[in-house]
Structure formats: C-alpha cells, structure tokens
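Peer 1: Quick one: structure below, then a few questions.
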Amino acid sequence: MEVRSIVLVPDEPYELRLTGRGARGYVWTWQVTGDADTVAVAEAAADPAAAEAPPGAPVERIYVVRARPPGGGRARIRFAQVRPPYPDEAPYDEFVLDVEVPAVTGRS
C-alpha cells in the first residue's frame, strides 16, 4: 500500500491516477476520515482511449481531490480496489492520500 502526503490550498485540485481492473470486477472506492469536510473527491471523466483498450487490459482511473475553503484541516483518503459482489474479500490494492489544507486568512 502506497501512502502519499500533499498540501493543497483551498480550491486547489490534485489529480490522482490509479490503475483500474474493471474487467476483472474490481472498482476503486474511497473513504475520507479526519477533517472530511476539508476535501472533496470525484472521479474524472474517462479517457476516450480507455474505450479502445483490449478486453482485460488495465485501465487508468482518474480521481480529482479538491481542497475546500476555508481550509484549516487534515484529511486522510483511503482508496481501496474491491469487488463489490464480495464485500468480505480483502482489497486487491490500496492507496492512502494524506491531505493538509492550511487555513487561508486573507487573500490579496
């Protein structure tokens, strides 16, 4: 499991690319802990080239993490690659993103 730490100012986006294994039934899920209201996570639109990938080929998934104003918090986002039909099965892969969002006290 990889752990990465980043610092984002409010409204700043961060693009995270994770290898998907959708053809094998795996999907990425995420859970935000800590100061969960300091970040927003969304899956970006799929790359059109992904539609042309051969069956069974891994496809990159893109997630955008955005720091929410006013900042002043730390959140941990745990991404887990799981197969929904098997909720008791351990994740195939995991990725943790620690995000610090400093408080903005005044903008010029």
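Just remember, in the structure tokens the first chain shown is A, the second B, etc., residues are 1-based per chain, and ligands are 1-based in the order shown.
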Find the residues around stretch 28-40 of chain A up to 6 Å (only C-alpha atoms counted), leave out those fewer than 6 positions away in its own chain, and share them as a PyMOL selection string.

Peer 2: chain A and resi 65-68+71+73-81

Peer 1: Those same residues - N, CA and C atoms - I'd like them written as a short mmCIF file (atom, residue, chain, number, x, y, z; two decimals), in the first residue's frame.

Peer 2:
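So selection19.cif came out as:
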data_model
loop_
_atom_site.label_atom_id
_atom_site.label_comp_id
_atom_site.auth_asym_id
_atom_site.auth_seq_id
_atom_site.Cartn_x
_atom_site.Cartn_y
_atom_site.Cartn_z
N VAL A 65 -9.06 15.32 -6.32
CA VAL A 65 -9.23 15.72 -4.93
C VAL A 65 -9.11 17.24 -4.91
N ARG A 66 -10.10 17.89 -4.33
CA ARG A 66 -10.09 19.36 -4.29
C ARG A 66 -10.21 19.81 -2.84
N ALA A 67 -9.34 20.75 -2.47
CA ALA A 67 -9.39 21.32 -1.13
C ALA A 67 -10.55 22.31 -1.05
N ARG A 68 -11.32 22.21 0.01
CA ARG A 68 -12.47 23.11 0.19
C ARG A 68 -12.10 24.28 1.11
N GLY A 71 -10.39 25.86 4.54
CA GLY A 71 -9.17 25.14 4.88
C GLY A 71 -9.04 24.96 6.38
N GLY A 73 -7.46 22.19 7.94
CA GLY A 73 -7.69 20.82 8.40
C GLY A 73 -6.81 19.81 7.70
N ARG A 74 -6.92 18.58 8.18
CA ARG A 74 -6.19 17.44 7.60
C ARG A 74 -7.18 16.31 7.37
N ALA A 75 -7.10 15.71 6.19
CA ALA A 75 -7.97 14.59 5.87
C ALA A 75 -7.12 13.43 5.35
N ARG A 76 -7.61 12.24 5.57
CA ARG A 76 -6.96 11.04 5.03
C ARG A 76 -7.99 10.37 4.12
N ILE A 77 -7.56 10.11 2.87
CA ILE A 77 -8.43 9.47 1.90
C ILE A 77 -7.85 8.08 1.63
N ARG A 78 -8.64 7.06 1.92
CA ARG A 78 -8.20 5.68 1.69
C ARG A 78 -8.95 5.14 0.48
N PHE A 79 -8.20 4.90 -0.59
CA PHE A 79 -8.75 4.28 -1.78
C PHE A 79 -8.52 2.78 -1.67
N ALA A 80 -9.54 2.00 -1.98
CA ALA A 80 -9.42 0.54 -1.92
C ALA A 80 -10.01 -0.05 -3.20
N GLN A 81 -9.28 -0.97 -3.79
CA GLN A 81 -9.75 -1.64 -5.01
C GLN A 81 -10.41 -2.95 -4.58
#

Peer 1: When distances are computed from only C-alpha atoms, which of A:Pro70, A:Pro13, A:Pro87, A:Gly25 shows the smallest separation from A:Ala42?

Peer 2: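 Looking at the shortest contact to A:Ala42, the residue is A:Pro13.
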
Peer 1: What is the atom CA of A:Val99-atom CA of A:Ala46 distance in Å, reported with one decimal?

Peer 2: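 A separation of 24.1 Å between them.
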
Peer 1: Could you give me, as a PyMOL selection string, the residues within 9 Å of A:Pro69, counting only C-alpha atoms and dropping anything in the same chain fewer than 4 positions from it?

Peer 2: chain A and resi 9-11+38-39+101+103-104

Peer 1: With only C-alpha atoms as the basis for distance, which of A:Leu18, A:Leu8, A:Val64, A:Val82 is at the shortest distance from A:Pro102?

Peer 2: A:Leu8

Peer 1: Using only C-alpha atoms, determine which residues lie at most 12 Å from A:Val27, disregarding the query and same-chain residues fewer than 6 positions distant; provide the list as a compact mmCIF listing (two decimals) with N, CA, C and O atoms, in the first residue's frame.

Peer 2:
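Saved as around.txt:
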# COMPACT_ATOMS: atom_id res chain seq x y z
N LEU A 18 -5.01 6.08 -10.78
CA LEU A 18 -4.89 4.74 -10.23
C LEU A 18 -5.24 3.72 -11.31
O LEU A 18 -6.18 3.93 -12.08
N THR A 19 -4.51 2.62 -11.35
CA THR A 19 -4.76 1.59 -12.35
C THR A 19 -6.01 0.81 -11.98
O THR A 19 -6.13 0.31 -10.86
N GLY A 20 -6.93 0.74 -12.92
CA GLY A 20 -8.18 0.02 -12.70
C GLY A 20 -8.11 -1.40 -13.24
O GLY A 20 -7.32 -1.71 -14.13
N ARG A 21 -8.94 -2.26 -12.69
CA ARG A 21 -9.05 -3.65 -13.14
C ARG A 21 -10.54 -4.00 -13.27
O ARG A 21 -10.99 -5.03 -12.79
N GLU A 43 -14.60 11.24 -9.27
CA GLU A 43 -13.95 10.53 -10.38
C GLU A 43 -14.08 11.40 -11.62
O GLU A 43 -15.15 11.91 -11.93
N PRO A 58 -5.62 -3.45 -18.13
CA PRO A 58 -5.83 -2.48 -17.04
C PRO A 58 -6.09 -1.09 -17.62
O PRO A 58 -5.48 -0.70 -18.61
N VAL A 59 -7.00 -0.37 -17.02
CA VAL A 59 -7.37 0.97 -17.49
C VAL A 59 -7.15 1.95 -16.34
O VAL A 59 -7.57 1.70 -15.21
N GLU A 60 -6.51 3.05 -16.64
CA GLU A 60 -6.23 4.05 -15.62
C GLU A 60 -7.50 4.81 -15.26
O GLU A 60 -8.25 5.23 -16.14
N ARG A 61 -7.75 4.96 -13.97
CA ARG A 61 -8.87 5.74 -13.47
C ARG A 61 -8.31 7.04 -12.90
O ARG A 61 -7.25 7.04 -12.28
N PHE A 79 -8.20 4.90 -0.59
CA PHE A 79 -8.75 4.28 -1.78
C PHE A 79 -8.52 2.78 -1.67
O PHE A 79 -7.43 2.34 -1.29
N ALA A 80 -9.54 2.00 -1.98
CA ALA A 80 -9.42 0.54 -1.92
C ALA A 80 -10.01 -0.05 -3.20
O ALA A 80 -11.09 0.34 -3.64
N GLN A 81 -9.28 -0.97 -3.79
CA GLN A 81 -9.75 -1.64 -5.01
C GLN A 81 -10.41 -2.95 -4.58
O GLN A 81 -9.75 -3.86 -4.09
N VAL A 82 -11.74 -2.99 -4.74
CA VAL A 82 -12.53 -4.12 -4.25
C VAL A 82 -13.45 -4.66 -5.34
O VAL A 82 -13.66 -4.01 -6.36
N ARG A 83 -13.98 -5.84 -5.05
CA ARG A 83 -15.01 -6.42 -5.92
C ARG A 83 -16.32 -6.36 -5.14
O ARG A 83 -16.49 -7.09 -4.17
N PRO A 84 -17.25 -5.48 -5.54
CA PRO A 84 -18.50 -5.29 -4.79
C PRO A 84 -19.28 -6.58 -4.48
O PRO A 84 -19.87 -6.68 -3.41
N PRO A 85 -19.30 -7.57 -5.38
CA PRO A 85 -20.07 -8.77 -5.03
C PRO A 85 -19.47 -9.57 -3.87
O PRO A 85 -20.12 -10.46 -3.34
N TYR A 86 -18.23 -9.25 -3.48
CA TYR A 86 -17.55 -10.00 -2.43
C TYR A 86 -17.08 -9.03 -1.33
O TYR A 86 -15.89 -8.78 -1.17
N PRO A 87 -18.01 -8.49 -0.52
CA PRO A 87 -17.66 -7.46 0.46
C PRO A 87 -16.70 -7.93 1.56
O PRO A 87 -16.04 -7.11 2.18
N PRO A 91 -9.17 -6.07 0.00
CA PRO A 91 -8.93 -5.28 -1.21
C PRO A 91 -7.75 -5.83 -2.01
O PRO A 91 -6.77 -6.32 -1.44
N TYR A 92 -7.85 -5.72 -3.33
CA TYR A 92 -6.76 -6.13 -4.21
C TYR A 92 -5.58 -5.18 -4.07
O TYR A 92 -4.43 -5.57 -4.10
N ASP A 93 -5.90 -3.89 -3.91
CA ASP A 93 -4.87 -2.86 -3.79
C ASP A 93 -5.45 -1.74 -2.93
O ASP A 93 -6.66 -1.57 -2.85
N GLU A 94 -4.56 -0.96 -2.31
CA GLU A 94 -4.97 0.18 -1.52
C GLU A 94 -4.00 1.33 -1.75
O GLU A 94 -2.83 1.10 -2.06

Peer 1: In terms of the shortest atom-to-atom distance over only C-alpha atoms, which of A:Glu52, A:Arg4, A:Ala57, A:Ala45 is closest to A:Asp98?

Peer 2: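 Nearest to A:Asp98: A:Arg4.
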
Peer 1: For the structure I just gave you, how does DSSP split stretch 35-94 of chain A - specifically, which residues are helix (DSSP H, G or I)? Reply as a list in words.

Peer 2: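 Here are the helix (DSSP H, G or I) residues of stretch 35-94 of chain A: Ala36, Asp37, Thr38, Pro48, Ala49, Ala50, Ala51 and Glu52 of chain A.
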
Peer 1: Output C-alpha atoms of each residue in that selection to a file, as an mmCIF file, in the first residue's frame.

Peer 2:
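For reference, part_12.cif as written:
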data_model
loop_
_atom_site.group_PDB
_atom_site.id
_atom_site.type_symbol
_atom_site.label_atom_id
_atom_site.label_comp_id
_atom_site.auth_asym_id
_atom_site.auth_seq_id
_atom_site.Cartn_x
_atom_site.Cartn_y
_atom_site.Cartn_z
ATOM 1 C CA ALA A 36 -13.570 15.156 5.970
ATOM 2 C CA ASP A 37 -15.189 18.488 5.086
ATOM 3 C CA THR A 38 -11.835 19.973 4.017
ATOM 4 C CA PRO A 48 -11.686 8.123 -24.598
ATOM 5 C CA ALA A 49 -8.633 5.951 -25.337
ATOM 6 C CA ALA A 50 -9.732 3.646 -22.493
ATOM 7 C CA ALA A 51 -12.687 2.522 -24.610
ATOM 8 C CA GLU A 52 -10.236 1.183 -27.183
#

Peer 1: How many Å separate atom CA of A:Glu100 from atom CA of A:Tyr63?

Peer 2: 17.4 Å
